[in-house]
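Encoded as structure tokens, the structure appears first; notes follow it.
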Amino acid sequence: MTLGRIHSVESFGTVDGPGIRYIAFMQGCLMRCQYCHNRDTWDLDGGKEVSVDEIMSQVISYQPFLEASGGGITASGGEAILQAQFVSELFKACKSQGVHTCLDTNGFVRKYEPVIDELLDNTDLVLLDIKQMDDAKHIELTKVSNHRTLQFAQYLATRNIKTWIRYVVVAGFTEDVESAIALAEFIKPMSNVEKVELLPYHPLGEHKWQAFGETYTLADISPPSTEIMQRIQQVFVDRGINATF
């Protein structure tokens with residue numbers, strides 16, 4: 001029996017996929033995003049071990065509410081794909097019960113082993129975070145290259161997996177039109193991408209960094225204005241891509 005390591009769960013999530021969702025925040029992440037609001041999920045050995053059956057017993061109890069809203073389950077994090085075997089088994093169990101499945105990921109796939117395809121076979125929707133198209137800026141923002149994320153985006157397109165792109169708009173990194181254009185041109189040929197979710201930066205995770213005795217480097221950054229969000233949105237709309245914020 002495969003065990004998963006989770007940070008926490010949310011039984012009534014409304015922002016990580018369609019409808020009301022049961023969200024399992026998986027433990028562990030290899031990116032070090034400066035604006036991360038789940039800093040406490042980074043440790044690969046943290047969290048709590050759970051079985052698929054444990055999670056399913058909770059999901060089934062909420063199923064009437066999930067189905068009535070067009071919702072389901074979302075595996076988030078941390079980075080859910082680091083525990084691909086567990087999430088694959090969880091999603092397979094969900095699909096057997098008619099529960100919609102959503103994978104919230106930064107696409108950090110190191111090896112395209114069969115388990116990745118097994119996971120995607122049981123995934124109804126992928127929420128893919130693309131932080132920055134410029135690799136140097138991506139490394140500055142996350143401490144890792146964007147190569148794996150972009151490769152995963154292309155793999156999803158090849159497999160025609162329904163995908164929503166998530167793009168955090170933050171001053172100094174992604175507020176500029178040029179960065180948005182680069183992303184829009186990258187995803188424009190991908191017919192599997194249903195929309196782009198533009199997420200305005202917020203500092204709500206700052207207290208978690210402080211709890212670790214670490215400096216939150218974006219403390220002086222303000223959330224983007226509506227005008228800025230509309231300007232970025234227009235970049236995608238002009239290219240025939242549905243974009244919301």
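Residues are named by chain letter and number: chains run A, B, ... in the order of the structure tokens, numbers start at 1 in each chain, and ligands are numbered from 1 in the order shown.
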Which segment 9-71 of chain A residues have any atom within 10 Å of an atom of segment 142-163 of chain A, and for each, what is the nearest pair of atoms with distance in Å to one decimal, counting only C-alpha atoms, rows sorted by chain and number, as a Markdown table?
| residue | atom | partner | partner_atom | distance |
| --- | --- | --- | --- | --- |
| A:Leu30 | CA | A:Val144 | CA | 8.2 |
| A:Met31 | CA | A:Thr142 | CA | 5.5 |
| A:Arg32 | CA | A:Thr142 | CA | 4.6 |
| A:Cys33 | CA | A:Thr142 | CA | 4.1 |
| A:Gln34 | CA | A:Thr142 | CA | 6.4 |
| A:Tyr35 | CA | A:Thr142 | CA | 9.0 |
| A:Cys36 | CA | A:Thr142 | CA | 9.3 |
Exercise for the section: Find the residues around Val9 of chain A up to 12 Å (only C-alpha atoms counted), leave out those fewer than 3 positions away in its own chain, and share them as number ranges by chain. Expected result: A: 5-6, 12-13, 21-27, 47-48, 50, 54-55, 58-59, 73-77
Handout entry: Residue nearest Gln83 of chain A among A:Val115, A:His138, A:Asp129, A:Gly4 (counting only C-alpha atoms)
Key =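 Comparing A:Val115, A:His138, A:Asp129, A:Gly4 against Gln83 of chain A, the winner is A:Gly4.
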What's around Arg239 of chain A at 10 Å? Count only C-alpha atoms, leave out sequence neighbours fewer than 5 positions away in its own chain, and write the answer as a short mmCIF file (atom, residue, chain, number, x, y, z; two decimals) with N, CA, C and O atoms, in the first residue's frame.
data_model
loop_
_atom_site.label_atom_id
_atom_site.label_comp_id
_atom_site.auth_asym_id
_atom_site.auth_seq_id
_atom_site.Cartn_x
_atom_site.Cartn_y
_atom_site.Cartn_z
N ILE A 181 3.47 38.48 -22.94
CA ILE A 181 3.48 38.15 -24.37
C ILE A 181 4.21 36.84 -24.61
O ILE A 181 3.76 35.97 -25.37
N ALA A 184 1.96 34.04 -23.54
CA ALA A 184 0.83 33.91 -24.45
C ALA A 184 1.24 33.24 -25.76
O ALA A 184 0.53 32.37 -26.28
N GLU A 185 2.39 33.63 -26.30
CA GLU A 185 2.86 33.05 -27.55
C GLU A 185 3.23 31.57 -27.37
O GLU A 185 3.07 30.76 -28.28
N LYS A 188 -0.27 29.67 -27.01
CA LYS A 188 -1.26 29.91 -28.07
C LYS A 188 -1.53 28.68 -28.94
O LYS A 188 -2.68 28.39 -29.29
N GLN A 234 -5.29 41.65 -21.22
CA GLN A 234 -5.51 42.02 -22.61
C GLN A 234 -4.50 41.37 -23.55
O GLN A 234 -4.81 41.07 -24.71
#
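In this model, the gap between atom CA of Val15 of chain A and atom CA of Val87 of chain A comes to 19.7 Å.
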Practice task
Pick out the closest residue to Asp53 of chain A from this set: A:Gly72, A:Val196, A:Arg39, A:Phe91. Count only C-alpha atoms.
Solution key: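 Nearest candidate to Asp53 of chain A out of A:Gly72, A:Val196, A:Arg39, A:Phe91: A:Phe91.
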Practice task
Write down as a PyMOL selection string the residues of segment 4-225 of chain A whose backbone DSSP state falls under helix (DSSP H, G or I).
Solution key: chain A and resi 39-41+52-68+80-96+114-121+135-142+147-159+177-187+206-211
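As for atom CA of Met229 of chain A and atom CA of Trp164 of chain A, they are spaced 17.5 Å apart.
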Exercise for the section: Go through A:Glu113, A:Asp124, A:Glu89, A:Asp135 one by one, measure the shortest atom-to-atom distance of each to Pro18 of chain A using only C-alpha atoms, and give the residue with the smallest value. Expected result: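 Among A:Glu113, A:Asp124, A:Glu89, A:Asp135, it is A:Asp124 that comes nearest to Pro18 of chain A.
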For Pro224 of chain A: contacts at 12 Å, only C-alpha atoms, fewer than 3 positions along chain excluded, given as a short mmCIF file (atom, residue, chain, number, x, y, z; two decimals) with C-alpha atoms, in the first residue's frame:
data_model
loop_
_atom_site.label_atom_id
_atom_site.label_comp_id
_atom_site.auth_asym_id
_atom_site.auth_seq_id
_atom_site.Cartn_x
_atom_site.Cartn_y
_atom_site.Cartn_z
CA VAL A 168 1.12 35.05 -10.66
CA VAL A 169 1.39 38.77 -11.43
CA VAL A 170 4.04 40.29 -9.15
CA ALA A 171 6.00 43.52 -9.42
CA GLY A 172 9.59 43.10 -10.57
CA PHE A 173 8.97 39.69 -12.11
CA THR A 174 5.74 39.36 -14.11
CA GLU A 175 3.96 42.73 -14.22
CA ASP A 176 5.58 43.64 -17.53
CA LEU A 198 -4.07 35.52 -13.63
CA LEU A 199 -3.36 35.53 -9.90
CA PRO A 200 -2.53 38.89 -8.30
CA TYR A 201 0.41 38.63 -5.93
CA HIS A 202 -0.43 38.73 -2.23
CA PRO A 203 1.84 38.57 0.84
CA ILE A 221 5.85 44.63 -2.73
CA GLU A 227 -5.32 48.45 -14.20
CA ILE A 228 -2.20 46.31 -14.28
CA MET A 229 -4.21 43.09 -14.16
CA GLN A 230 -6.39 44.30 -17.03
CA ARG A 231 -3.33 45.21 -19.07
CA ILE A 232 -1.87 41.73 -18.61
CA PHE A 245 -8.49 37.29 -12.70
#
Problem - Proximity to Lys195 of chain A - best of A:Thr105, A:Thr14, A:Asn122, A:Thr244, only C-alpha atoms - result: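 For Lys195 of chain A, the nearest of the candidates is A:Thr244.
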